[in-house]
$ cat coords_36.cif   # mmCIF, C-alpha atoms and all ligand atoms
data_data
loop_
_atom_site.label_atom_id
_atom_site.label_comp_id
_atom_site.auth_asym_id
_atom_site.auth_seq_id
_atom_site.Cartn_x
_atom_site.Cartn_y
_atom_site.Cartn_z
CA MET A 1 -145.07 -138.27 48.94
CA ARG A 2 -143.55 -136.11 51.63
CA LYS A 3 -140.16 -136.84 53.10
CA LYS A 4 -140.00 -138.66 56.44
CA PHE A 5 -137.11 -137.37 58.46
CA VAL A 6 -135.33 -138.07 61.76
CA ALA A 7 -132.60 -135.59 62.77
CA GLY A 8 -130.33 -135.53 65.81
CA ASN A 9 -129.50 -132.20 67.41
CA TRP A 10 -126.37 -132.77 69.46
CA LYS A 11 -126.50 -129.23 70.92
CA MET A 12 -123.34 -128.16 72.81
CA ASN A 13 -122.14 -131.71 73.36
CA LYS A 14 -119.09 -133.65 72.17
CA THR A 15 -115.54 -132.63 71.40
CA VAL A 16 -114.31 -133.26 67.88
CA ALA A 17 -112.99 -136.65 68.98
CA GLY A 18 -116.27 -137.46 70.73
CA ALA A 19 -118.26 -136.42 67.67
CA ILE A 20 -116.14 -138.61 65.40
CA ALA A 21 -116.70 -141.56 67.73
CA LEU A 22 -120.47 -141.02 67.92
CA ALA A 23 -120.91 -140.41 64.19
CA SER A 24 -118.76 -143.47 63.36
CA GLU A 25 -120.79 -145.71 65.64
CA LEU A 26 -124.04 -144.44 64.14
CA ALA A 27 -122.78 -144.82 60.56
CA ARG A 28 -121.67 -148.40 61.34
CA LYS A 29 -125.03 -149.25 62.84
CA ILE A 30 -127.02 -147.77 59.97
CA GLY A 31 -124.81 -149.32 57.28
CA SER A 32 -125.26 -148.41 53.65
CA ASP A 33 -128.72 -149.87 53.04
CA ALA A 34 -131.53 -147.45 52.31
CA PRO A 35 -132.92 -146.37 55.68
CA PRO A 36 -136.66 -146.05 56.35
CA CYS A 37 -136.40 -142.26 56.37
CA GLU A 38 -134.02 -139.36 55.80
CA ILE A 39 -131.48 -139.15 58.65
CA ALA A 40 -129.34 -136.19 59.69
CA ILE A 41 -127.02 -135.33 62.56
CA ALA A 42 -126.22 -131.83 63.79
CA PRO A 43 -122.90 -131.85 65.66
CA PRO A 44 -121.35 -128.64 67.05
CA PHE A 45 -119.79 -126.37 64.40
CA ILE A 46 -116.19 -127.40 65.09
CA ALA A 47 -117.03 -131.07 64.50
CA LEU A 48 -118.92 -130.62 61.21
CA ASP A 49 -115.90 -131.15 58.98
CA SER A 50 -114.80 -134.34 60.76
CA ALA A 51 -118.34 -135.67 61.00
CA ARG A 52 -118.82 -135.18 57.26
CA GLU A 53 -115.78 -137.36 56.57
CA VAL A 54 -117.11 -140.07 58.84
CA ILE A 55 -120.62 -140.20 57.34
CA LYS A 56 -119.74 -139.62 53.70
CA LYS A 57 -120.32 -143.26 52.67
CA SER A 58 -123.48 -143.58 54.73
CA PRO A 59 -126.97 -142.23 54.02
CA ILE A 60 -126.65 -139.85 57.00
CA LYS A 61 -126.87 -136.16 56.09
CA LEU A 62 -125.06 -133.31 57.81
CA ALA A 63 -126.90 -130.51 59.60
CA ALA A 64 -125.82 -127.39 61.49
CA GLN A 65 -127.53 -126.13 64.61
CA ASN A 66 -127.63 -122.45 63.68
CA CYS A 67 -126.16 -119.87 61.31
CA HIS A 68 -125.85 -116.13 60.88
CA TYR A 69 -127.98 -114.35 58.30
CA GLU A 70 -125.13 -112.33 56.75
CA ASN A 71 -122.62 -113.77 54.28
CA ASP A 72 -119.49 -112.58 56.06
CA GLY A 73 -118.06 -109.60 57.90
CA ALA A 74 -117.58 -108.25 61.40
CA TYR A 75 -119.77 -110.63 63.38
CA THR A 76 -117.34 -112.03 65.92
CA GLY A 77 -118.08 -115.59 66.89
CA GLU A 78 -120.65 -116.22 64.18
CA ILE A 79 -120.80 -118.74 61.33
CA SER A 80 -122.46 -117.96 57.99
CA ALA A 81 -124.71 -120.17 55.91
CA SER A 82 -122.19 -120.13 53.05
CA MET A 83 -119.52 -121.51 55.41
CA LEU A 84 -121.91 -124.30 56.37
CA LYS A 85 -122.65 -125.03 52.76
CA ALA A 86 -118.91 -125.19 52.03
CA VAL A 87 -118.34 -127.68 54.83
CA GLY A 88 -121.01 -129.98 53.39
CA CYS A 89 -124.19 -129.24 55.35
CA ASP A 90 -127.50 -130.19 53.77
CA TYR A 91 -129.62 -128.80 56.59
CA VAL A 92 -129.51 -125.94 59.07
CA ILE A 93 -131.69 -125.86 62.18
CA VAL A 94 -133.15 -122.38 62.54
CA GLY A 95 -135.08 -120.80 65.40
CA HIS A 96 -134.55 -123.54 67.97
CA SER A 97 -136.31 -122.53 71.19
CA GLU A 98 -132.96 -122.43 73.00
CA ARG A 99 -131.78 -119.84 70.48
CA ARG A 100 -134.99 -117.87 70.93
CA GLN A 101 -134.84 -118.16 74.74
CA TYR A 102 -131.13 -117.65 75.49
CA PHE A 103 -129.93 -115.66 72.48
CA GLY A 104 -132.87 -113.38 71.83
CA GLU A 105 -133.78 -114.70 68.40
CA THR A 106 -136.98 -113.07 67.20
CA ASP A 107 -139.24 -114.21 64.39
CA ALA A 108 -137.66 -111.49 62.22
CA ILE A 109 -134.16 -112.88 62.82
CA VAL A 110 -135.37 -116.43 62.23
CA ASN A 111 -136.91 -115.26 58.95
CA LYS A 112 -133.61 -113.74 57.76
CA LYS A 113 -131.78 -116.95 58.63
CA VAL A 114 -134.33 -119.13 56.83
CA LYS A 115 -133.98 -117.03 53.68
CA LYS A 116 -130.20 -117.14 53.85
CA VAL A 117 -130.14 -120.92 54.28
CA LEU A 118 -132.47 -121.33 51.29
CA SER A 119 -130.47 -118.93 49.16
CA GLU A 120 -127.41 -121.10 49.77
CA GLY A 121 -129.28 -124.12 48.44
CA MET A 122 -129.57 -125.85 51.80
CA ASN A 123 -132.67 -126.99 53.65
CA ALA A 124 -133.96 -125.14 56.70
CA ILE A 125 -135.40 -126.98 59.70
CA VAL A 126 -137.58 -124.27 61.20
CA CYS A 127 -138.41 -124.81 64.88
CA VAL A 128 -141.64 -123.52 66.38
CA GLY A 129 -143.45 -124.26 69.62
CA GLU A 130 -145.20 -122.85 72.63
CA THR A 131 -144.07 -122.59 76.25
CA LEU A 132 -145.95 -124.30 79.07
CA SER A 133 -147.60 -121.07 80.17
CA GLU A 134 -148.72 -120.38 76.59
CA ARG A 135 -150.23 -123.88 76.33
CA GLU A 136 -151.96 -123.43 79.67
CA ALA A 137 -153.30 -120.05 78.55
CA GLY A 138 -154.82 -121.76 75.49
CA VAL A 139 -152.76 -119.79 72.96
CA THR A 140 -150.71 -122.63 71.43
CA GLU A 141 -152.14 -122.19 67.93
CA LYS A 142 -151.80 -118.42 68.07
CA VAL A 143 -148.13 -118.68 69.10
CA VAL A 144 -147.32 -121.33 66.51
CA GLU A 145 -149.13 -119.39 63.78
CA THR A 146 -147.15 -116.23 64.56
CA GLN A 147 -143.87 -118.16 64.49
CA VAL A 148 -144.68 -119.99 61.24
CA ARG A 149 -145.90 -116.82 59.49
CA GLY A 150 -142.86 -114.92 60.78
CA ALA A 151 -140.33 -117.55 59.72
CA LEU A 152 -141.82 -117.96 56.24
CA ASN A 153 -142.45 -114.30 55.49
CA GLY A 154 -141.30 -113.74 51.90
CA VAL A 155 -140.31 -117.38 51.36
CA LEU A 156 -141.44 -118.35 47.87
CA GLU A 157 -143.69 -121.27 47.11
CA SER A 158 -140.89 -122.73 44.96
CA GLU A 159 -138.55 -122.63 47.99
CA MET A 160 -140.91 -124.51 50.28
CA LYS A 161 -139.59 -127.88 49.09
CA SER A 162 -136.43 -127.00 51.07
CA VAL A 163 -138.29 -126.17 54.29
CA VAL A 164 -138.96 -128.61 57.12
CA ILE A 165 -140.95 -127.46 60.14
CA ALA A 166 -140.17 -128.93 63.55
CA TYR A 167 -142.95 -128.55 66.08
CA GLU A 168 -141.15 -128.49 69.41
CA PRO A 169 -143.26 -127.57 72.42
CA VAL A 170 -140.78 -125.83 74.74
CA TRP A 171 -142.17 -127.64 77.79
CA ALA A 172 -141.25 -130.97 76.21
CA ILE A 173 -137.64 -130.18 75.28
CA GLY A 174 -135.13 -131.92 77.49
CA THR A 175 -137.74 -132.45 80.20
CA GLY A 176 -138.55 -136.11 79.60
CA LYS A 177 -142.17 -134.99 79.19
CA ASN A 178 -143.16 -135.50 75.56
CA ALA A 179 -146.38 -134.27 74.01
CA THR A 180 -148.89 -137.06 73.61
CA PRO A 181 -149.24 -138.28 70.03
CA GLU A 182 -152.68 -136.63 69.94
CA GLN A 183 -151.31 -133.28 71.20
CA ALA A 184 -148.58 -133.41 68.55
CA GLU A 185 -151.03 -134.43 65.82
CA ASP A 186 -153.37 -131.53 66.65
CA VAL A 187 -150.62 -128.94 66.23
CA HIS A 188 -149.10 -130.64 63.19
CA ARG A 189 -152.51 -130.67 61.48
CA PHE A 190 -152.92 -127.00 62.36
CA ILE A 191 -149.51 -126.14 60.87
CA ARG A 192 -150.30 -128.05 57.68
CA GLN A 193 -153.61 -126.21 57.29
CA LEU A 194 -151.86 -122.90 57.92
CA VAL A 195 -149.24 -123.65 55.27
CA ALA A 196 -152.03 -124.62 52.86
CA SER A 197 -153.62 -121.22 53.43
CA LEU A 198 -150.29 -119.41 53.01
CA TYR A 199 -149.24 -121.34 49.88
CA SER A 200 -151.32 -124.19 48.48
CA SER A 201 -152.63 -127.57 49.51
CA ALA A 202 -149.91 -129.21 47.38
CA VAL A 203 -147.17 -127.38 49.31
CA ALA A 204 -148.81 -128.29 52.63
CA GLU A 205 -149.21 -131.93 51.61
CA ASN A 206 -145.51 -132.15 50.70
CA LEU A 207 -144.27 -130.36 53.82
CA THR A 208 -142.33 -132.49 56.30
CA ILE A 209 -143.33 -131.66 59.87
CA GLN A 210 -141.14 -133.20 62.55
CA TYR A 211 -142.07 -133.46 66.20
CA GLY A 212 -139.41 -132.62 68.78
CA GLY A 213 -139.44 -132.84 72.56
CA SER A 214 -138.22 -135.82 74.58
CA VAL A 215 -138.53 -138.29 71.71
CA LYS A 216 -137.08 -141.66 72.73
CA GLY A 217 -136.96 -145.18 71.36
CA SER A 218 -139.94 -146.04 73.52
CA ASN A 219 -142.32 -143.28 72.36
CA ALA A 220 -141.30 -142.75 68.72
CA LYS A 221 -143.63 -145.41 67.27
CA ASP A 222 -146.77 -143.90 68.77
CA LEU A 223 -145.79 -140.43 67.57
CA PHE A 224 -144.93 -141.66 64.05
CA ALA A 225 -148.30 -143.41 63.85
CA MET A 226 -149.98 -140.00 63.66
CA PRO A 227 -150.83 -139.03 60.07
CA ASN A 228 -149.32 -135.54 60.26
CA VAL A 229 -146.15 -136.46 62.18
CA ASP A 230 -143.41 -136.98 59.61
CA GLY A 231 -140.47 -137.74 61.85
CA ALA A 232 -138.59 -136.25 64.76
CA LEU A 233 -136.01 -133.70 65.76
CA VAL A 234 -134.21 -135.46 68.59
CA GLY A 235 -132.01 -133.85 71.23
CA GLY A 236 -130.83 -135.92 74.20
CA ALA A 237 -131.63 -139.32 72.71
CA SER A 238 -129.54 -138.58 69.61
CA LEU A 239 -126.41 -138.73 71.77
CA LYS A 240 -127.08 -142.43 72.47
CA VAL A 241 -126.60 -144.51 69.35
CA ASP A 242 -128.91 -147.38 70.38
CA GLU A 243 -131.69 -145.00 71.34
CA PHE A 244 -131.37 -142.90 68.17
CA TYR A 245 -131.21 -146.05 66.04
CA GLN A 246 -134.38 -147.34 67.70
CA ILE A 247 -136.13 -144.06 66.83
CA ILE A 248 -135.01 -144.44 63.20
CA GLN A 249 -136.16 -148.05 63.15
CA SER A 250 -139.56 -146.96 64.48
CA ALA A 251 -140.05 -145.25 61.14
CA HIS A 252 -140.10 -148.63 59.39
CA ASN A 253 -143.70 -149.41 60.21
CA PHE A 254 -145.07 -146.07 59.15
CA PHE A 255 -142.88 -144.46 56.56
CA THR A 256 -141.94 -145.71 53.16
CA THR A 257 -138.33 -145.49 52.08
CA ILE A 258 -137.66 -142.26 50.28
C1 LIG B 1 -134.32 -130.49 70.75
O1 LIG B 1 -133.42 -129.91 71.32
O2 LIG B 1 -134.62 -130.16 69.60
C2 LIG B 1 -135.01 -131.56 71.46
C3 LIG B 1 -136.12 -131.99 70.94
O3 LIG B 1 -134.44 -132.00 72.62
P1 LIG B 1 -134.88 -133.31 73.46
O4 LIG B 1 -135.10 -134.43 72.48
O5 LIG B 1 -133.73 -133.58 74.38
O6 LIG B 1 -136.12 -132.96 74.19
#
$ encode --input "coords_36.cif" --output "structure tokens"
Amino acid sequence: MRKKFVAGNWKMNKTVAGAIALASELARKIGSDAPPCEIAIAPPFIALDSAREVIKKSPIKLAAQNCHYENDGAYTGEISASMLKAVGCDYVIVGHSERRQYFGETDAIVNKKVKKVLSEGMNAIVCVGETLSEREAGVTEKVVETQVRGALNGVLESEMKSVVIAYEPVWAIGTGKNATPEQAEDVHRFIRQLVASLYSSAVAENLTIQYGGSVKGSNAKDLFAMPNVDGALVGGASLKVDEFYQIIQSAHNFFTTI
């Protein structure tokens, strides 16, 4: 059975002290009982070490928001996958639309990062999704296919167990305008079929596909009710413990404990 997974992307929010406070509150709320799904938080780089300490006795996993594709060297301001591994990250978000939009990340760069994350033994959360104008032009599937093919180029079938895909329509990120459950389901089904054609139906069946884009406590249940929606990558709402907890709890009705 594929993994059900809710992850919080804190983006460029929270000081170290603020991150400790937020992670502590979340860990307290979740407790140590088995949650209904895998849970991860992605604080800013400088807070990863402290956050790991705070969540170490809880089921919450640690994620990073980005990485560089080289091991080390003269890349001022960058953080490598091996550094993230050493600090205790289980996941790295790769190819977020904000990285693609503001930092010029191409599918080729995303691909290098995915491979580096996998080679370090971590899991990659690969973000894909169309812009509003692309959706309106009717090229959503084409765009998503190009991004998925690009990100997974050269990734081995045996490595696919460490890949999560997050479908995040750009028009839904941080806008308060989420995709309808049916819109999400259509693209998730398309991605699963694509992965089946690239690898095998077993790989596609086991692939976790998160939805991301204005997920809140109030809309998570309807999204999770869709057969191909395996969880959520949550931005804004992950900064509010009650809201994020409600999203996690929404998994109870649909997902079995992993
Ligand atoms: C995100 O940044 O991945 C995201 C989905 O943001 P939000 O939930 O705020 O739309």
$ residues_near_point --input "coords_36.cif" --point "(-137.7, -129.3, 68.6)" --cutoff "6 Å" --atoms "only C-alpha atoms" --output "list of chain:residue names"
A:Cys127, A:Ala166, A:Tyr167, A:Glu168, A:Gly212, A:Gly213, A:Leu233
$ residues_around --input "coords_36.cif" --residues "Thr140 (chain A)" --least-positions-apart "3" --cutoff "10 Å" --atoms "only C-alpha atoms" --output "compact mmCIF listing (two decimals) with C-alpha atoms, in the frame of the given file"
# COMPACT_ATOMS: atom_id res chain seq x y z
CA GLY A 129 -143.45 -124.26 69.62
CA GLU A 130 -145.20 -122.85 72.63
CA THR A 131 -144.07 -122.59 76.25
CA LEU A 132 -145.95 -124.30 79.07
CA SER A 133 -147.60 -121.07 80.17
CA GLU A 134 -148.72 -120.38 76.59
CA ARG A 135 -150.23 -123.88 76.33
CA GLU A 136 -151.96 -123.43 79.67
CA ALA A 137 -153.30 -120.05 78.55
CA VAL A 143 -148.13 -118.68 69.10
CA VAL A 144 -147.32 -121.33 66.51
CA GLU A 145 -149.13 -119.39 63.78
CA PRO A 169 -143.26 -127.57 72.42
CA VAL A 187 -150.62 -128.94 66.23
$ axis_aligned_box --input "coords_36.cif" --around "ligand LIG 1 (chain B)" --padding-each-side "4 Å" --output "AutoDock Vina command-line options"
--center_x -134.8 --center_y -132.2 --center_z 72.0 --size_x 10.7 --size_y 12.5 --size_z 12.8
$ closest_residue --input "coords_36.cif" --among "A:Gly95, A:Gly176, A:Pro59, A:Gly73" --to "Ser32 (chain A)" --atoms "all atoms listed in the file"
A:Pro59
$ residues_near_ligand --input "coords_36.cif" --ligand "ligand LIG 1 (chain B)" --cutoff "9 Å" --atoms "all atoms listed in the file" --output "VMD selection string"
chain A and resid 7 to 11 96 to 98 127 166 168 to 178 211 to 216 232 to 238
$ residues_near_point --input "coords_36.cif" --point "(-138.6, -136.9, 52.3)" --cutoff "9 Å" --atoms "only C-alpha atoms" --output "VMD selection string"
chain A and resid 1 to 5 37 to 38 206 to 208 230 257 to 258
$ closest_residue --input "coords_36.cif" --among "A:Lys116, A:Lys14, A:Lys142, A:His188" --to "Glu159 (chain A)" --atoms "all atoms listed in the file"
A:Lys116
$ closest_residue --input "coords_36.cif" --among "A:Ser158, A:Gln147, A:Ala63, A:Pro44" --to "Val203 (chain A)" --atoms "all atoms listed in the file"
A:Ser158
$ residues_around --input "coords_36.cif" --residues "Val117 (chain A)" --least-positions-apart "5" --cutoff "12 Å" --atoms "all atoms listed in the file" --output "JSON, numbers by chain"
{"A": [63, 64, 65, 66, 67, 68, 69, 70, 71, 79, 80, 81, 82, 83, 84, 85, 89, 90, 91, 92, 93, 94, 110, 111, 112, 122, 123, 124, 125, 126, 155, 159, 162, 163]}
$ residues_around --input "coords_36.cif" --residues "Ile55 (chain A)" --least-positions-apart "5" --cutoff "10 Å" --atoms "only C-alpha atoms" --output "MDAnalysis selection string"
chainID A and resid 20 23:28 40:41 50 60:62
$ atom_distance --input "coords_36.cif" --atom1 "CA of Lys161 (chain A)" --atom2 "CA of Ala204 (chain A)"
9.9 Å
$ atom_distance --input "coords_36.cif" --atom1 "CA of Leu223 (chain A)" --atom2 "CA of Asn153 (chain A)"
29.0 Å
$ atom_distance --input "coords_36.cif" --atom1 "CA of Asn13 (chain A)" --atom2 "CA of Pro43 (chain A)"
7.7 Å
$ residues_around --input "coords_36.cif" --residues "Ile247 (chain A)" --least-positions-apart "4" --cutoff "8 Å" --atoms "all atoms listed in the file" --output "number ranges by chain"
A: 6, 215-218, 220-221, 243, 251
$ write_last_selection --input "coords_36.cif" --atoms "C-alpha atoms" --output "tab-separated table (two decimals), in the frame of the given file"
chain	number	residue	atom	x	y	z
A	6	VAL	CA	-135.33	-138.07	61.76
A	215	VAL	CA	-138.53	-138.29	71.71
A	216	LYS	CA	-137.08	-141.66	72.73
A	217	GLY	CA	-136.96	-145.18	71.36
A	218	SER	CA	-139.94	-146.04	73.52
A	220	ALA	CA	-141.30	-142.75	68.72
A	221	LYS	CA	-143.63	-145.41	67.27
A	243	GLU	CA	-131.69	-145.00	71.34
A	251	ALA	CA	-140.05	-145.25	61.14
$ decode --input "coords_36.cif" --residues "region 97-108 of chain A" --atoms "all heavy atoms" --output "PDB file, in the first residue's frame"
ATOM      1  N   SER A  97       7.610  25.389  -7.255  1.00  0.00           N
ATOM      2  CA  SER A  97       7.345  26.398  -8.308  1.00  0.00           C
ATOM      3  C   SER A  97       7.981  27.746  -7.980  1.00  0.00           C
ATOM      4  O   SER A  97       8.332  28.506  -8.881  1.00  0.00           O
ATOM      5  CB  SER A  97       5.849  26.556  -8.543  1.00  0.00           C
ATOM      6  OG  SER A  97       5.224  27.039  -7.379  1.00  0.00           O
ATOM      7  N   GLU A  98       8.149  28.036  -6.676  1.00  0.00           N
ATOM      8  CA  GLU A  98       8.809  29.310  -6.334  1.00  0.00           C
ATOM      9  C   GLU A  98      10.291  29.260  -6.692  1.00  0.00           C
ATOM     10  O   GLU A  98      10.882  30.274  -7.059  1.00  0.00           O
ATOM     11  CB  GLU A  98       8.582  29.622  -4.843  1.00  0.00           C
ATOM     12  CG  GLU A  98       7.138  30.032  -4.584  1.00  0.00           C
ATOM     13  CD  GLU A  98       6.631  29.726  -3.183  1.00  0.00           C
ATOM     14  OE1 GLU A  98       7.442  29.404  -2.287  1.00  0.00           O
ATOM     15  OE2 GLU A  98       5.397  29.811  -2.986  1.00  0.00           O
ATOM     16  N   ARG A  99      10.882  28.088  -6.604  1.00  0.00           N
ATOM     17  CA  ARG A  99      12.281  27.927  -7.044  1.00  0.00           C
ATOM     18  C   ARG A  99      12.355  28.052  -8.570  1.00  0.00           C
ATOM     19  O   ARG A  99      13.271  28.649  -9.112  1.00  0.00           O
ATOM     20  CB  ARG A  99      12.851  26.565  -6.628  1.00  0.00           C
ATOM     21  CG  ARG A  99      12.851  26.242  -5.157  1.00  0.00           C
ATOM     22  CD  ARG A  99      13.921  26.862  -4.339  1.00  0.00           C
ATOM     23  NE  ARG A  99      15.159  27.087  -5.022  1.00  0.00           N
ATOM     24  CZ  ARG A  99      16.076  27.968  -4.581  1.00  0.00           C
ATOM     25  NH1 ARG A  99      15.857  28.685  -3.481  1.00  0.00           N
ATOM     26  NH2 ARG A  99      17.200  28.136  -5.227  1.00  0.00           N
ATOM     27  N   ARG A 100      11.406  27.445  -9.241  1.00  0.00           N
ATOM     28  CA  ARG A 100      11.420  27.509 -10.712  1.00  0.00           C
ATOM     29  C   ARG A 100      11.192  28.953 -11.165  1.00  0.00           C
ATOM     30  O   ARG A 100      11.853  29.446 -12.068  1.00  0.00           O
ATOM     31  CB  ARG A 100      10.315  26.612 -11.287  1.00  0.00           C
ATOM     32  CG  ARG A 100      10.513  25.107 -11.016  1.00  0.00           C
ATOM     33  CD  ARG A 100       9.336  24.320 -11.578  1.00  0.00           C
ATOM     34  NE  ARG A 100       9.314  22.919 -11.196  1.00  0.00           N
ATOM     35  CZ  ARG A 100       9.716  21.906 -11.960  1.00  0.00           C
ATOM     36  NH1 ARG A 100      10.182  22.130 -13.163  1.00  0.00           N
ATOM     37  NH2 ARG A 100       9.627  20.670 -11.538  1.00  0.00           N
ATOM     38  N   GLN A 101      10.231  29.634 -10.501  1.00  0.00           N
ATOM     39  CA  GLN A 101       9.822  30.979 -10.920  1.00  0.00           C
ATOM     40  C   GLN A 101      10.844  32.059 -10.550  1.00  0.00           C
ATOM     41  O   GLN A 101      11.183  32.904 -11.365  1.00  0.00           O
ATOM     42  CB  GLN A 101       8.482  31.289 -10.248  1.00  0.00           C
ATOM     43  CG  GLN A 101       7.774  32.507 -10.751  1.00  0.00           C
ATOM     44  CD  GLN A 101       6.439  32.719 -10.013  1.00  0.00           C
ATOM     45  OE1 GLN A 101       5.957  31.843  -9.286  1.00  0.00           O
ATOM     46  NE2 GLN A 101       5.862  33.883 -10.199  1.00  0.00           N
ATOM     47  N   TYR A 102      11.344  32.029  -9.311  1.00  0.00           N
ATOM     48  CA  TYR A 102      12.196  33.130  -8.844  1.00  0.00           C
ATOM     49  C   TYR A 102      13.690  32.825  -8.949  1.00  0.00           C
ATOM     50  O   TYR A 102      14.516  33.725  -8.863  1.00  0.00           O
ATOM     51  CB  TYR A 102      11.886  33.478  -7.382  1.00  0.00           C
ATOM     52  CG  TYR A 102      10.439  33.810  -7.124  1.00  0.00           C
ATOM     53  CD1 TYR A 102       9.752  33.229  -6.066  1.00  0.00           C
ATOM     54  CD2 TYR A 102       9.743  34.712  -7.929  1.00  0.00           C
ATOM     55  CE1 TYR A 102       8.424  33.528  -5.815  1.00  0.00           C
ATOM     56  CE2 TYR A 102       8.412  35.012  -7.689  1.00  0.00           C
ATOM     57  CZ  TYR A 102       7.763  34.419  -6.637  1.00  0.00           C
ATOM     58  OH  TYR A 102       6.441  34.712  -6.400  1.00  0.00           O
ATOM     59  N   PHE A 103      14.040  31.556  -9.059  1.00  0.00           N
ATOM     60  CA  PHE A 103      15.469  31.204  -9.044  1.00  0.00           C
ATOM     61  C   PHE A 103      15.901  30.439 -10.282  1.00  0.00           C
ATOM     62  O   PHE A 103      16.974  29.847 -10.310  1.00  0.00           O
ATOM     63  CB  PHE A 103      15.797  30.411  -7.757  1.00  0.00           C
ATOM     64  CG  PHE A 103      15.458  31.177  -6.502  1.00  0.00           C
ATOM     65  CD1 PHE A 103      14.266  30.951  -5.837  1.00  0.00           C
ATOM     66  CD2 PHE A 103      16.303  32.167  -6.019  1.00  0.00           C
ATOM     67  CE1 PHE A 103      13.926  31.677  -4.698  1.00  0.00           C
ATOM     68  CE2 PHE A 103      15.981  32.903  -4.883  1.00  0.00           C
ATOM     69  CZ  PHE A 103      14.792  32.655  -4.219  1.00  0.00           C
ATOM     70  N   GLY A 104      15.040  30.474 -11.292  1.00  0.00           N
ATOM     71  CA  GLY A 104      15.415  29.940 -12.603  1.00  0.00           C
ATOM     72  C   GLY A 104      15.676  28.448 -12.654  1.00  0.00           C
ATOM     73  O   GLY A 104      16.457  27.990 -13.487  1.00  0.00           O
ATOM     74  N   GLU A 105      15.051  27.680 -11.782  1.00  0.00           N
ATOM     75  CA  GLU A 105      15.295  26.229 -11.816  1.00  0.00           C
ATOM     76  C   GLU A 105      14.600  25.586 -13.011  1.00  0.00           C
ATOM     77  O   GLU A 105      13.392  25.695 -13.174  1.00  0.00           O
ATOM     78  CB  GLU A 105      14.816  25.573 -10.517  1.00  0.00           C
ATOM     79  CG  GLU A 105      15.825  25.729  -9.424  1.00  0.00           C
ATOM     80  CD  GLU A 105      15.554  24.853  -8.200  1.00  0.00           C
ATOM     81  OE1 GLU A 105      14.773  23.901  -8.269  1.00  0.00           O
ATOM     82  OE2 GLU A 105      16.147  25.173  -7.172  1.00  0.00           O
ATOM     83  N   THR A 106      15.389  24.952 -13.828  1.00  0.00           N
ATOM     84  CA  THR A 106      14.861  24.253 -15.009  1.00  0.00           C
ATOM     85  C   THR A 106      14.630  22.781 -14.662  1.00  0.00           C
ATOM     86  O   THR A 106      15.088  22.294 -13.624  1.00  0.00           O
ATOM     87  CB  THR A 106      15.892  24.322 -16.143  1.00  0.00           C
ATOM     88  OG1 THR A 106      17.086  23.653 -15.662  1.00  0.00           O
ATOM     89  CG2 THR A 106      16.234  25.750 -16.521  1.00  0.00           C
ATOM     90  N   ASP A 107      13.978  22.077 -15.573  1.00  0.00           N
ATOM     91  CA  ASP A 107      13.778  20.641 -15.353  1.00  0.00           C
ATOM     92  C   ASP A 107      15.123  19.920 -15.238  1.00  0.00           C
ATOM     93  O   ASP A 107      15.250  18.948 -14.487  1.00  0.00           O
ATOM     94  CB  ASP A 107      12.959  20.036 -16.499  1.00  0.00           C
ATOM     95  CG  ASP A 107      11.496  20.474 -16.440  1.00  0.00           C
ATOM     96  OD1 ASP A 107      10.999  20.759 -15.336  1.00  0.00           O
ATOM     97  OD2 ASP A 107      10.852  20.539 -17.502  1.00  0.00           O
ATOM     98  N   ALA A 108      16.128  20.404 -15.985  1.00  0.00           N
ATOM     99  CA  ALA A 108      17.451  19.754 -15.934  1.00  0.00           C
ATOM    100  C   ALA A 108      18.088  19.938 -14.547  1.00  0.00           C
ATOM    101  O   ALA A 108      18.699  19.002 -14.007  1.00  0.00           O
ATOM    102  CB  ALA A 108      18.355  20.339 -17.019  1.00  0.00           C
TER     103      ALA A 108
END
